[in-house]
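Asker: Here you go, data.pdb (PDB, C-alpha atoms):
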ATOM      1  CA  MET F 669     -88.672 -30.672  11.807
ATOM      2  CA  THR F 670     -88.125 -29.108   8.378
ATOM      3  CA  ILE F 671     -85.537 -26.337   8.322
ATOM      4  CA  GLU F 672     -86.053 -23.623   5.725
ATOM      5  CA  ILE F 673     -83.241 -21.215   4.857
ATOM      6  CA  HIS F 674     -84.291 -18.105   2.933
ATOM      7  CA  LYS F 675     -81.580 -15.827   1.565
ATOM      8  CA  ILE F 676     -81.998 -12.141   2.356
ATOM      9  CA  THR F 677     -79.285 -10.726   0.083
ATOM     10  CA  ALA F 678     -76.914 -12.224  -2.465
ATOM     11  CA  ASN F 679     -73.777 -11.788  -0.349
ATOM     12  CA  ILE F 680     -74.931 -12.029   3.262
ATOM     13  CA  GLY F 681     -77.860 -13.003   5.433
ATOM     14  CA  ALA F 682     -80.570 -15.663   5.628
ATOM     15  CA  ARG F 683     -83.798 -16.083   7.559
ATOM     16  CA  VAL F 684     -84.219 -19.449   9.307
ATOM     17  CA  GLU F 685     -87.633 -21.042   9.726
ATOM     18  CA  GLY F 686     -88.659 -24.403  11.129
ATOM     19  CA  VAL F 687     -86.284 -24.362  14.122
ATOM     20  CA  ASP F 688     -87.437 -23.795  17.714
ATOM     21  CA  ILE F 689     -84.351 -22.280  19.301
ATOM     22  CA  THR F 690     -85.956 -22.331  22.755
ATOM     23  CA  ARG F 691     -85.342 -26.110  22.797
ATOM     24  CA  PRO F 692     -82.114 -28.144  22.597
ATOM     25  CA  LEU F 693     -80.903 -28.840  19.079
ATOM     26  CA  ASP F 694     -80.184 -32.345  17.851
ATOM     27  CA  GLU F 695     -76.919 -32.949  16.015
ATOM     28  CA  GLU F 696     -78.534 -32.912  12.574
ATOM     29  CA  THR F 697     -80.177 -29.547  13.212
ATOM     30  CA  TYR F 698     -76.987 -28.044  14.614
ATOM     31  CA  ALA F 699     -75.019 -29.263  11.580
ATOM     32  CA  ALA F 700     -77.562 -27.661   9.242
ATOM     33  CA  LEU F 701     -77.364 -24.355  11.111
ATOM     34  CA  ARG F 702     -73.566 -24.401  11.143
ATOM     35  CA  GLU F 703     -73.578 -25.028   7.393
ATOM     36  CA  ALA F 704     -76.034 -22.159   6.910
ATOM     37  CA  LEU F 705     -73.905 -19.844   9.051
ATOM     38  CA  ASN F 706     -70.822 -20.750   7.028
ATOM     39  CA  ALA F 707     -72.677 -20.028   3.787
ATOM     40  CA  HIS F 708     -74.658 -16.908   4.712
ATOM     41  CA  LYS F 709     -72.540 -15.359   7.526
ATOM     42  CA  ALA F 710     -75.626 -14.031   9.374
ATOM     43  CA  LEU F 711     -78.824 -15.871  10.366
ATOM     44  CA  VAL F 712     -82.120 -14.403  11.617
ATOM     45  CA  PHE F 713     -84.348 -16.453  13.946
ATOM     46  CA  ASP F 714     -87.707 -16.080  15.645
ATOM     47  CA  ALA F 715     -86.825 -15.935  19.360
ATOM     48  CA  ALA F 716     -90.297 -15.778  20.944
ATOM     49  CA  GLY F 717     -90.128 -17.308  24.421
ATOM     50  CA  LEU F 718     -86.327 -17.093  24.625
ATOM     51  CA  ASP F 719     -84.794 -15.583  27.774
ATOM     52  CA  ASP F 720     -81.162 -14.978  28.800
ATOM     53  CA  ALA F 721     -80.688 -18.586  29.895
ATOM     54  CA  GLY F 722     -82.203 -19.856  26.667
ATOM     55  CA  GLN F 723     -80.039 -17.573  24.548
ATOM     56  CA  GLN F 724     -76.928 -18.884  26.275
ATOM     57  CA  ALA F 725     -78.081 -22.493  25.854
ATOM     58  CA  PHE F 726     -78.695 -21.961  22.136
ATOM     59  CA  VAL F 727     -75.354 -20.264  21.572
ATOM     60  CA  ARG F 728     -73.507 -23.042  23.432
ATOM     61  CA  HIS F 729     -74.360 -25.412  20.584
ATOM     62  CA  PHE F 730     -71.708 -23.525  18.600
ATOM     63  CA  GLY F 731     -68.974 -23.683  21.257
ATOM     64  CA  ASP F 732     -67.972 -22.429  24.684
ATOM     65  CA  ILE F 733     -69.301 -18.975  25.442
ATOM     66  CA  THR F 734     -67.286 -16.022  26.651
ATOM     67  CA  THR F 735     -68.038 -13.774  29.580
ATOM     68  CA  ALA F 736     -69.882 -10.616  28.591
ATOM     69  CA  HIS F 737     -66.838  -8.454  27.767
ATOM     70  CA  PRO F 738     -63.207  -8.031  28.839
ATOM     71  CA  THR F 739     -63.931  -4.708  30.597
ATOM     72  CA  VAL F 740     -67.658  -3.833  30.370
ATOM     73  CA  SER F 741     -70.204  -4.993  32.965
ATOM     74  CA  ALA F 742     -72.627  -7.824  32.243
ATOM     75  CA  VAL F 743     -76.366  -8.074  32.818
ATOM     76  CA  ASP F 744     -77.049  -8.474  36.550
ATOM     77  CA  GLY F 745     -76.980 -12.166  37.423
ATOM     78  CA  ALA F 746     -75.871 -13.212  33.935
ATOM     79  CA  PRO F 747     -72.078 -12.844  33.620
ATOM     80  CA  ASN F 748     -72.062 -14.106  30.019
ATOM     81  CA  VAL F 749     -74.661 -11.621  28.724
ATOM     82  CA  LEU F 750     -73.768  -8.088  27.609
ATOM     83  CA  PRO F 751     -76.521  -5.451  27.555
ATOM     84  CA  VAL F 752     -76.432  -3.435  24.334
ATOM     85  CA  ASP F 753     -78.523  -0.553  25.581
ATOM     86  CA  SER F 754     -79.369   2.918  24.283
ATOM     87  CA  GLU F 755     -79.075   4.081  27.898
ATOM     88  CA  GLY F 756     -75.391   3.144  27.765
ATOM     89  CA  GLY F 757     -74.441   5.357  24.852
ATOM     90  CA  ARG F 758     -73.819   4.695  21.177
ATOM     91  CA  ALA F 759     -70.448   2.936  21.365
ATOM     92  CA  ALA F 760     -71.377   0.461  18.600
ATOM     93  CA  ASN F 761     -72.267   3.003  15.911
ATOM     94  CA  HIS F 762     -69.021   2.431  14.054
ATOM     95  CA  TRP F 763     -68.020  -0.447  11.807
ATOM     96  CA  HIS F 764     -66.275  -3.154  13.829
ATOM     97  CA  THR F 765     -65.819  -6.843  14.475
ATOM     98  CA  ASP F 766     -66.427  -7.719  18.117
ATOM     99  CA  VAL F 767     -63.451  -7.564  20.499
ATOM    100  CA  THR F 768     -60.697  -7.854  17.889
ATOM    101  CA  PHE F 769     -58.285  -6.204  20.309
ATOM    102  CA  VAL F 770     -57.793  -9.559  22.118
ATOM    103  CA  LEU F 771     -55.821 -12.553  20.843
ATOM    104  CA  ASN F 772     -58.826 -14.748  20.062
ATOM    105  CA  PRO F 773     -61.918 -12.651  19.347
ATOM    106  CA  PRO F 774     -65.321 -14.379  19.467
ATOM    107  CA  GLN F 775     -66.037 -16.724  16.575
ATOM    108  CA  ALA F 776     -69.734 -15.826  16.584
ATOM    109  CA  THR F 777     -72.028 -13.213  18.089
ATOM    110  CA  SER F 778     -75.723 -13.486  18.954
ATOM    111  CA  LEU F 779     -77.957 -10.466  19.486
ATOM    112  CA  ARG F 780     -81.510 -10.810  20.864
ATOM    113  CA  SER F 781     -84.051  -7.996  20.749
ATOM    114  CA  ILE F 782     -85.434  -6.977  24.145
ATOM    115  CA  THR F 783     -86.733  -3.444  23.469
ATOM    116  CA  VAL F 784     -87.188  -2.228  19.900
ATOM    117  CA  PRO F 785     -87.695   1.469  19.024
ATOM    118  CA  PRO F 786     -90.708   2.352  16.858
ATOM    119  CA  TYR F 787     -88.373   3.317  14.028
ATOM    120  CA  GLY F 788     -84.675   3.090  13.230
ATOM    121  CA  GLY F 789     -82.101   1.227  15.302
ATOM    122  CA  GLU F 790     -81.127  -1.206  12.554
ATOM    123  CA  THR F 791     -78.015  -3.370  12.741
ATOM    124  CA  LEU F 792     -75.884  -3.452   9.605
ATOM    125  CA  ILE F 793     -73.789  -6.595   9.022
ATOM    126  CA  ALA F 794     -71.184  -6.710   6.251
ATOM    127  CA  SER F 795     -69.445  -9.659   4.607
ATOM    128  CA  SER F 796     -65.676  -9.241   4.718
ATOM    129  CA  ALA F 797     -65.392 -12.325   2.489
ATOM    130  CA  ALA F 798     -67.327 -10.567  -0.289
ATOM    131  CA  ALA F 799     -65.134  -7.513   0.294
ATOM    132  CA  TYR F 800     -61.984  -9.558  -0.218
ATOM    133  CA  ARG F 801     -63.390 -11.104  -3.393
ATOM    134  CA  ASN F 802     -64.156  -7.593  -4.697
ATOM    135  CA  LEU F 803     -60.575  -6.371  -4.358
ATOM    136  CA  PRO F 804     -58.628  -5.811  -7.576
ATOM    137  CA  ASP F 805     -55.683  -8.181  -7.884
ATOM    138  CA  SER F 806     -53.047  -5.570  -7.049
ATOM    139  CA  LEU F 807     -54.829  -4.479  -3.874
ATOM    140  CA  ARG F 808     -55.588  -8.072  -2.884
ATOM    141  CA  ASN F 809     -51.914  -8.968  -3.241
ATOM    142  CA  LEU F 810     -50.987  -6.055  -0.987
ATOM    143  CA  ALA F 811     -53.631  -6.911   1.628
ATOM    144  CA  ASP F 812     -52.368 -10.510   1.754
ATOM    145  CA  THR F 813     -49.025  -9.269   3.124
ATOM    146  CA  LEU F 814     -50.325  -6.843   5.775
ATOM    147  CA  TRP F 815     -50.758  -7.141   9.541
ATOM    148  CA  ALA F 816     -52.632  -4.639  11.694
ATOM    149  CA  GLU F 817     -52.521  -3.669  15.351
ATOM    150  CA  HIS F 818     -55.962  -3.674  17.024
ATOM    151  CA  THR F 819     -56.572  -1.837  20.295
ATOM    152  CA  ASN F 820     -59.409  -0.761  22.575
ATOM    153  CA  ASP F 821     -57.552   2.462  23.451
ATOM    154  CA  TYR F 822     -57.636   4.916  20.577
ATOM    155  CA  ASP F 823     -58.818   8.365  19.576
ATOM    156  CA  TYR F 824     -62.560   8.209  18.951
ATOM    157  CA  ALA F 825     -62.343  11.618  17.215
ATOM    158  CA  VAL F 826     -64.944  13.068  19.575
ATOM    159  CA  PRO F 827     -64.250  16.701  20.558
ATOM    160  CA  GLU F 828     -63.387  16.974  24.250
ATOM    161  CA  GLU F 829     -66.179  19.501  24.841
ATOM    162  CA  ALA F 830     -68.708  16.976  23.468
ATOM    163  CA  VAL F 831     -67.842  14.288  26.043
ATOM    164  CA  ASP F 832     -69.829  14.543  29.281
ATOM    165  CA  GLU F 833     -68.928  12.931  32.616
ATOM    166  CA  GLU F 834     -71.049   9.841  31.956
ATOM    167  CA  GLN F 835     -69.461   9.262  28.556
ATOM    168  CA  ALA F 836     -65.992   9.791  30.025
ATOM    169  CA  ALA F 837     -66.739   7.203  32.726
ATOM    170  CA  ARG F 838     -67.865   4.656  30.097
ATOM    171  CA  ARG F 839     -64.709   5.291  28.090
ATOM    172  CA  ALA F 840     -62.579   4.841  31.216
ATOM    173  CA  GLN F 841     -64.287   1.515  31.925
ATOM    174  CA  PHE F 842     -63.865   0.326  28.324
ATOM    175  CA  THR F 843     -60.116   1.038  28.461
ATOM    176  CA  SER F 844     -59.580  -0.008  32.095
ATOM    177  CA  ILE F 845     -57.418  -2.838  30.727
ATOM    178  CA  LYS F 846     -55.435  -1.808  27.661
ATOM    179  CA  TYR F 847     -55.245  -4.340  24.848
ATOM    180  CA  ARG F 848     -53.010  -4.327  21.780
ATOM    181  CA  THR F 849     -52.997  -7.331  19.462
ATOM    182  CA  VAL F 850     -51.635  -7.841  15.949
ATOM    183  CA  HIS F 851     -53.835  -9.735  13.480
ATOM    184  CA  PRO F 852     -53.485 -10.548   9.778
ATOM    185  CA  VAL F 853     -55.365  -8.101   7.572
ATOM    186  CA  VAL F 854     -56.498 -11.124   5.562
ATOM    187  CA  ARG F 855     -57.782 -13.908   7.797
ATOM    188  CA  VAL F 856     -58.399 -17.472   6.664
ATOM    189  CA  HIS F 857     -61.641 -18.886   8.016
ATOM    190  CA  PRO F 858     -60.876 -22.164   9.839
ATOM    191  CA  LEU F 859     -63.990 -23.994   8.608
ATOM    192  CA  THR F 860     -64.546 -22.719   5.072
ATOM    193  CA  GLU F 861     -60.987 -21.601   4.225
ATOM    194  CA  GLU F 862     -62.488 -18.395   2.806
ATOM    195  CA  ARG F 863     -60.357 -15.291   3.032
ATOM    196  CA  GLY F 864     -61.818 -12.135   4.544
ATOM    197  CA  LEU F 865     -60.614  -8.642   5.443
ATOM    198  CA  PHE F 866     -60.101  -8.721   9.213
ATOM    199  CA  ILE F 867     -60.008  -5.014  10.054
ATOM    200  CA  GLY F 868     -62.774  -2.708  11.371
ATOM    201  CA  GLY F 869     -62.822   0.025  13.987
ATOM    202  CA  PHE F 870     -60.334  -1.467  16.426
ATOM    203  CA  ALA F 871     -57.657  -1.837  13.707
ATOM    204  CA  GLN F 872     -55.593   1.301  14.140
ATOM    205  CA  ARG F 873     -52.197   0.795  12.570
ATOM    206  CA  ILE F 874     -50.617  -1.293   9.835
ATOM    207  CA  VAL F 875     -47.396  -2.901  11.033
ATOM    208  CA  GLY F 876     -44.461  -1.098   9.415
ATOM    209  CA  LEU F 877     -46.436   2.007   8.388
ATOM    210  CA  SER F 878     -46.940   5.366  10.081
ATOM    211  CA  ALA F 879     -50.267   6.293  11.632
ATOM    212  CA  GLY F 880     -51.147   8.493   8.647
ATOM    213  CA  GLU F 881     -50.152   5.891   6.079
ATOM    214  CA  SER F 882     -52.011   3.211   8.036
ATOM    215  CA  ARG F 883     -55.224   5.217   8.064
ATOM    216  CA  LYS F 884     -55.156   5.656   4.289
ATOM    217  CA  VAL F 885     -54.621   1.947   3.673
ATOM    218  CA  LEU F 886     -57.240   0.872   6.226
ATOM    219  CA  ASP F 887     -59.799   3.339   4.870
ATOM    220  CA  LEU F 888     -59.206   2.070   1.330
ATOM    221  CA  LEU F 889     -59.762  -1.565   2.359
ATOM    222  CA  GLN F 890     -62.674  -0.704   4.639
ATOM    223  CA  ALA F 891     -64.511   0.933   1.748
ATOM    224  CA  TYR F 892     -64.795  -2.506   0.110
ATOM    225  CA  VAL F 893     -66.282  -4.043   3.283
ATOM    226  CA  THR F 894     -69.056  -1.478   3.547
ATOM    227  CA  ARG F 895     -70.171  -1.422  -0.082
ATOM    228  CA  PRO F 896     -73.988  -1.614  -0.045
ATOM    229  CA  GLU F 897     -73.901  -4.872  -2.008
ATOM    230  CA  ASN F 898     -72.009  -6.514   0.867
ATOM    231  CA  VAL F 899     -74.289  -5.302   3.681
ATOM    232  CA  LEU F 900     -77.361  -6.782   5.352
ATOM    233  CA  ARG F 901     -79.528  -4.049   6.910
ATOM    234  CA  HIS F 902     -81.508  -5.795   9.654
ATOM    235  CA  ARG F 903     -84.577  -3.959  10.937
ATOM    236  CA  TRP F 904     -85.347  -5.362  14.382
ATOM    237  CA  SER F 905     -88.712  -6.750  15.386
ATOM    238  CA  PRO F 906     -89.584  -7.898  18.912
ATOM    239  CA  ASN F 907     -88.358 -11.364  19.907
ATOM    240  CA  GLN F 908     -85.728 -11.894  17.243
ATOM    241  CA  LEU F 909     -82.233 -13.342  17.455
ATOM    242  CA  VAL F 910     -79.488 -12.666  14.929
ATOM    243  CA  LEU F 911     -76.414 -14.915  14.888
ATOM    244  CA  PHE F 912     -73.445 -13.840  12.797
ATOM    245  CA  ASP F 913     -69.964 -15.179  12.123
ATOM    246  CA  ASN F 914     -67.635 -12.707  13.830
ATOM    247  CA  ARG F 915     -64.612 -14.115  11.988
ATOM    248  CA  ILE F 916     -65.725 -12.913   8.578
ATOM    249  CA  THR F 917     -68.160 -10.019   9.141
ATOM    250  CA  GLN F 918     -68.306  -6.497  10.522
ATOM    251  CA  HIS F 919     -71.342  -4.763  11.979
ATOM    252  CA  TYR F 920     -72.676  -1.306  12.828
ATOM    253  CA  ALA F 921     -75.552  -0.179  15.070
ATOM    254  CA  VAL F 922     -77.374   2.681  13.364
ATOM    255  CA  ASP F 923     -78.126   5.620  15.703
ATOM    256  CA  ASN F 924     -81.260   6.886  13.958
ATOM    257  CA  TYR F 925     -84.007   6.418  16.547
ATOM    258  CA  ASP F 926     -84.033   9.781  18.362
ATOM    259  CA  GLY F 927     -82.821   8.369  21.667
ATOM    260  CA  ARG F 928     -85.863   6.085  22.043
ATOM    261  CA  PRO F 929     -85.321   2.990  24.222
ATOM    262  CA  ARG F 930     -83.439   0.238  22.414
ATOM    263  CA  ARG F 931     -81.979  -2.836  24.111
ATOM    264  CA  LEU F 932     -80.404  -6.019  22.818
ATOM    265  CA  HIS F 933     -78.677  -8.792  24.764
ATOM    266  CA  ARG F 934     -75.416 -10.135  23.371
ATOM    267  CA  VAL F 935     -73.870 -13.570  23.926
ATOM    268  CA  THR F 936     -70.669 -14.538  22.107
ATOM    269  CA  VAL F 937     -68.938 -17.819  21.292
ATOM    270  CA  ALA F 938     -65.264 -18.221  22.195
ATOM    271  CA  GLY F 939     -63.017 -18.048  19.157
ATOM    272  CA  ASP F 940     -59.793 -19.444  17.800
ATOM    273  CA  ILE F 941     -56.598 -17.488  17.200
ATOM    274  CA  PRO F 942     -56.733 -15.851  13.745
ATOM    275  CA  VAL F 943     -54.417 -17.204  11.067
ATOM    276  CA  GLY F 944     -53.156 -15.430   7.961
ATOM    277  CA  ILE F 945     -52.687 -16.867   4.498
ATOM    278  CA  GLU F 946     -49.175 -18.117   5.314
ATOM    279  CA  GLY F 947     -50.361 -19.943   8.438
ATOM    280  CA  LYS F 948     -48.940 -17.440  10.915
ATOM    281  CA  GLU F 949     -51.060 -16.733  14.012
ATOM    282  CA  SER F 950     -51.969 -13.412  15.618
ATOM    283  CA  TYR F 951     -49.921 -12.276  18.610
ATOM    284  CA  VAL F 952     -50.390 -10.111  21.685
ATOM    285  CA  ILE F 953     -48.449  -6.932  22.400
ATOM    286  CA  GLU F 954     -50.321  -5.950  25.555
ATOM    287  CA  GLY F 955     -53.251  -7.226  27.641
ATOM    288  CA  ASP F 956     -54.364 -10.578  29.073
ATOM    289  CA  ALA F 957     -57.913 -11.658  28.116
ATOM    290  CA  SER F 958     -57.891 -15.109  29.738
ATOM    291  CA  HIS F 959     -60.575 -13.965  32.221
ATOM    292  CA  TYR F 960     -62.830 -13.165  29.280
ATOM    293  CA  THR F 961     -62.521 -16.095  26.894
ATOM    294  CA  PRO F 962     -61.034 -19.548  26.498
ATOM    295  CA  VAL F 963     -59.233 -20.291  23.234
ATOM    296  CA  ALA F 964     -61.273 -22.463  20.896
ATOM    297  CA  ALA F 965     -59.534 -25.318  19.117
TER     298      ALA F 965
END
Could you rewrite the structure in this file as structure tokens?
Answerer:
Amino acid sequence: MTIEIHKITANIGARVEGVDITRPLDEETYAALREALNAHKALVFDAAGLDDAGQQAFVRHFGDITTAHPTVSAVDGAPNVLPVDSEGGRAANHWHTDVTFVLNPPQATSLRSITVPPYGGETLIASSAAAYRNLPDSLRNLADTLWAEHTNDYDYAVPEEAVDEEQAARRAQFTSIKYRTVHPVVRVHPLTEERGLFIGGFAQRIVGLSAGESRKVLDLLQAYVTRPENVLRHRWSPNQLVLFDNRITQHYAVDNYDGRPRRLHRVTVAGDIPVGIEGKESYVIEGDASHYTPVAA
């Protein structure tokens, strides 16, 4: 088997050819894929013939898998698979890193296309490592010192009159267990030792700053993450799988497909506890996620 890795953009993303992910990987192939994931942050695979069981088996090569979500229901009969479905609203159309409101967010996320709209519905994936490298020295030095509180319970800035009963019920389910966790704004990747901005939509307050001050600082840093040069815009085709490093990326599901059916299945790999540049670990203020994920070494 000859693995071919083709870069998609300079800062993030590669297409993988020559690997049949419907079959078990040998150690050499896994090592090559892990190296590619470390280098490119997001990998695109042909997933023809892959089902939910196969997706879970593939993802398990990278570590223990989590259950579907701390509060949201899984696919029927598959407790480790989360449906990302247009029928369930547009909760992912904001920049975020998956489940950062818990102590040890997933280290990696896989998304597999089930139903693809005829147009639109792209997934944007941004490199927070490239964002950190782009920071001017003065702003980088500030970011290195900051810690941020992440939570699943915050103001989505949606007018009350725009929220119907179904949307309110989904919000109530999402926040049925309240989580508040403090993470370093600059996270050190445990494998590559790269530094990346670990913020996104669930980061709501900078420790030691007011809500207003926090928003200004977070918006300033976030603008570096989402620069076009740092973003992979993935247009889905049927039977594809995208695997991305959740420790050093953010992503965004674009709601530009006129409500047409769109469905992906998500499986995530259990993560380690984030560490800042001084070696200090994240810590929990509120919420127990042990039912959702083990802690990776």
Asker: Run the PyMOL selection byres ((chain F and resi 888) around 12) mentally over the shown coordinates, then write out the matched residues as a PyMOL selection string, using the chain letters and numbers from the document.
Answerer: chain F and resi 799+803-804+807-808+810-811+865+867-868+881-887+889-895
Asker: Please, could you write that set of residues out with C-alpha atoms as a short mmCIF file (atom, residue, chain, number, x, y, z; two decimals), in the frame of the given file?
Answerer:
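Listed below is the output, again-v7.cif:
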data_model
loop_
_atom_site.label_atom_id
_atom_site.label_comp_id
_atom_site.auth_asym_id
_atom_site.auth_seq_id
_atom_site.Cartn_x
_atom_site.Cartn_y
_atom_site.Cartn_z
CA ALA F 799 -65.13 -7.51 0.29
CA LEU F 803 -60.58 -6.37 -4.36
CA PRO F 804 -58.63 -5.81 -7.58
CA LEU F 807 -54.83 -4.48 -3.87
CA ARG F 808 -55.59 -8.07 -2.88
CA LEU F 810 -50.99 -6.06 -0.99
CA ALA F 811 -53.63 -6.91 1.63
CA LEU F 865 -60.61 -8.64 5.44
CA ILE F 867 -60.01 -5.01 10.05
CA GLY F 868 -62.77 -2.71 11.37
CA GLU F 881 -50.15 5.89 6.08
CA SER F 882 -52.01 3.21 8.04
CA ARG F 883 -55.22 5.22 8.06
CA LYS F 884 -55.16 5.66 4.29
CA VAL F 885 -54.62 1.95 3.67
CA LEU F 886 -57.24 0.87 6.23
CA ASP F 887 -59.80 3.34 4.87
CA LEU F 889 -59.76 -1.56 2.36
CA GLN F 890 -62.67 -0.70 4.64
CA ALA F 891 -64.51 0.93 1.75
CA TYR F 892 -64.80 -2.51 0.11
CA VAL F 893 -66.28 -4.04 3.28
CA THR F 894 -69.06 -1.48 3.55
CA ARG F 895 -70.17 -1.42 -0.08
#
Asker: By how many Å are atom CA of F:Asp956 and atom CA of F:His762 apart?
Answerer: 24.7 Å
Asker: Excluding F:Arg801 and residues on its chain fewer than 4 positions from it, collect all residues at most 9 Å away from it, counting all atoms listed in the file, and give them as a list in words.
Answerer: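 In the requested format, the answer is Ser796, Ala797, Arg808, Arg863 and Gly864 of chain F.
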Asker: At a cut-off of 12 Å, can you tabulate as JSON lines every residue of stretch 774-875 of chain F near stretch 733-737 of chain F together with its closest atom pair and the distance in Å to one decimal, using only C-alpha atoms and ordering rows by chain then number?
Answerer:
{"residue": "F:Pro774", "atom": "CA", "partner": "F:Thr734", "partner_atom": "CA", "distance": 7.6}
{"residue": "F:Gln775", "atom": "CA", "partner": "F:Ile733", "partner_atom": "CA", "distance": 9.7}
{"residue": "F:Ala776", "atom": "CA", "partner": "F:Ile733", "partner_atom": "CA", "distance": 9.4}
{"residue": "F:Thr777", "atom": "CA", "partner": "F:Ile733", "partner_atom": "CA", "distance": 9.7}
{"residue": "F:Ser778", "atom": "CA", "partner": "F:Ile733", "partner_atom": "CA", "distance": 10.7}
{"residue": "F:Asn820", "atom": "CA", "partner": "F:His737", "partner_atom": "CA", "distance": 11.9}
{"residue": "F:Gln841", "atom": "CA", "partner": "F:His737", "partner_atom": "CA", "distance": 11.1}
{"residue": "F:Phe842", "atom": "CA", "partner": "F:His737", "partner_atom": "CA", "distance": 9.3}
{"residue": "F:Thr843", "atom": "CA", "partner": "F:His737", "partner_atom": "CA", "distance": 11.7}
{"residue": "F:Ser844", "atom": "CA", "partner": "F:His737", "partner_atom": "CA", "distance": 11.9}
{"residue": "F:Ile845", "atom": "CA", "partner": "F:His737", "partner_atom": "CA", "distance": 11.4}
Asker: Please save C-alpha atoms of the selected residues as a PDB file, keeping the file's coordinate frame.
Answerer:
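Contents of again29.pdb, freshly written:
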ATOM      1  CA  PRO F 774     -65.321 -14.379  19.467  1.00  0.00           C
ATOM      2  CA  GLN F 775     -66.037 -16.724  16.575  1.00  0.00           C
ATOM      3  CA  ALA F 776     -69.734 -15.826  16.584  1.00  0.00           C
ATOM      4  CA  THR F 777     -72.028 -13.213  18.089  1.00  0.00           C
ATOM      5  CA  SER F 778     -75.723 -13.486  18.954  1.00  0.00           C
ATOM      6  CA  ASN F 820     -59.409  -0.761  22.575  1.00  0.00           C
ATOM      7  CA  GLN F 841     -64.287   1.515  31.925  1.00  0.00           C
ATOM      8  CA  PHE F 842     -63.865   0.326  28.324  1.00  0.00           C
ATOM      9  CA  THR F 843     -60.116   1.038  28.461  1.00  0.00           C
ATOM     10  CA  SER F 844     -59.580  -0.008  32.095  1.00  0.00           C
ATOM     11  CA  ILE F 845     -57.418  -2.838  30.727  1.00  0.00           C
TER      12      ILE F 845
END
Asker: Can you tell me, as a PyMOL selection string, which residues sit within 7 Å of (-69.7, -19.0, 6.9) in the file's frame, using only C-alpha atoms?
Answerer: chain F and resi 705-709+860+913
Asker: Selection in question (the file shown): the PyMOL selection byres ((chain F and resi 770) around 12). Which residues does it include, as a PyMOL selection string?
Answerer: chain F and resi 737-739+765-769+771-774+817-820+845-851+870-871+938-942+950-963
Asker: Taking the file as shown, what set of residues would the PyMOL selection byres ((chain F and resi 917-925) around 6) give back, as a list in words?
Answerer: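 With the PyMOL selection byres ((chain F and resi 917-925) around 6) on this model, the match is Ala760, Asn761, His762, Trp763, His764, Thr765, Tyr787, Gly788, Gly789, Glu790, Thr791, Leu792, Ile793, Ala794, Ser795, Ser796, Asn914, Ile916, Asp926, Gly927 and Arg928 of chain F.
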Asker: In Å, with one decimal, what is the gap from atom CA of F:Val910 to atom CA of F:Ser781?
Answerer: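 Those two atoms sit 8.7 Å apart.
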Asker: One number please: atom CA of F:Leu701 to atom CA of F:Ala725, in Å, one decimal.
Answerer: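 It comes out at 14.9 Å.
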Asker: Taking only C-alpha atoms into account, name the residue in F:Pro751, F:Pro692, F:Gly745, F:Gly681 that is nearest to F:Arg728.
Answerer: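 For F:Arg728, the nearest of the candidates is F:Pro692.
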Asker: Return as JSON the box centre and box size in Å, one decimal, for an axis-aligned box around all listed atoms of stretch 783-793 of chain F padded by 5 Å per side.
Answerer:
{"center_x": -82.2, "center_y": -1.6, "center_z": 16.2, "size_x": 26.9, "size_y": 19.9, "size_z": 24.4}
Asker: Go through F:Ala704, F:Leu693, F:Leu814, F:Val712 and flag the residue nearest F:Arg903, using only C-alpha atoms for the distances.
Answerer: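 Of all the options, F:Val712 lies closest to F:Arg903.
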Asker: Here is a test: counting all atoms listed in the file, which residue of F:Arg873, F:His857, F:Arg838, F:Arg780 is nearest to F:Arg930?
Answerer: F:Arg780
Asker: So which one's closest to F:Val743, F:Ala721, F:Ala964, F:Val784, F:Val943? Using all atoms listed in the file, please.
Answerer: F:Ala721
Asker: Counting only C-alpha atoms, which of F:Ile689, F:Gly731, F:Asn679, F:Pro906 gets nearest to F:Ala798?
Answerer: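 Selected residue with least distance to F:Ala798: F:Asn679.
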Asker: Ranking F:Glu685, F:Leu909, F:Arg901, F:Val740 by minimum distance to F:Arg839 and counting only C-alpha atoms, which one comes first?
Answerer: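 For F:Arg839, the nearest of the given residues is F:Val740.
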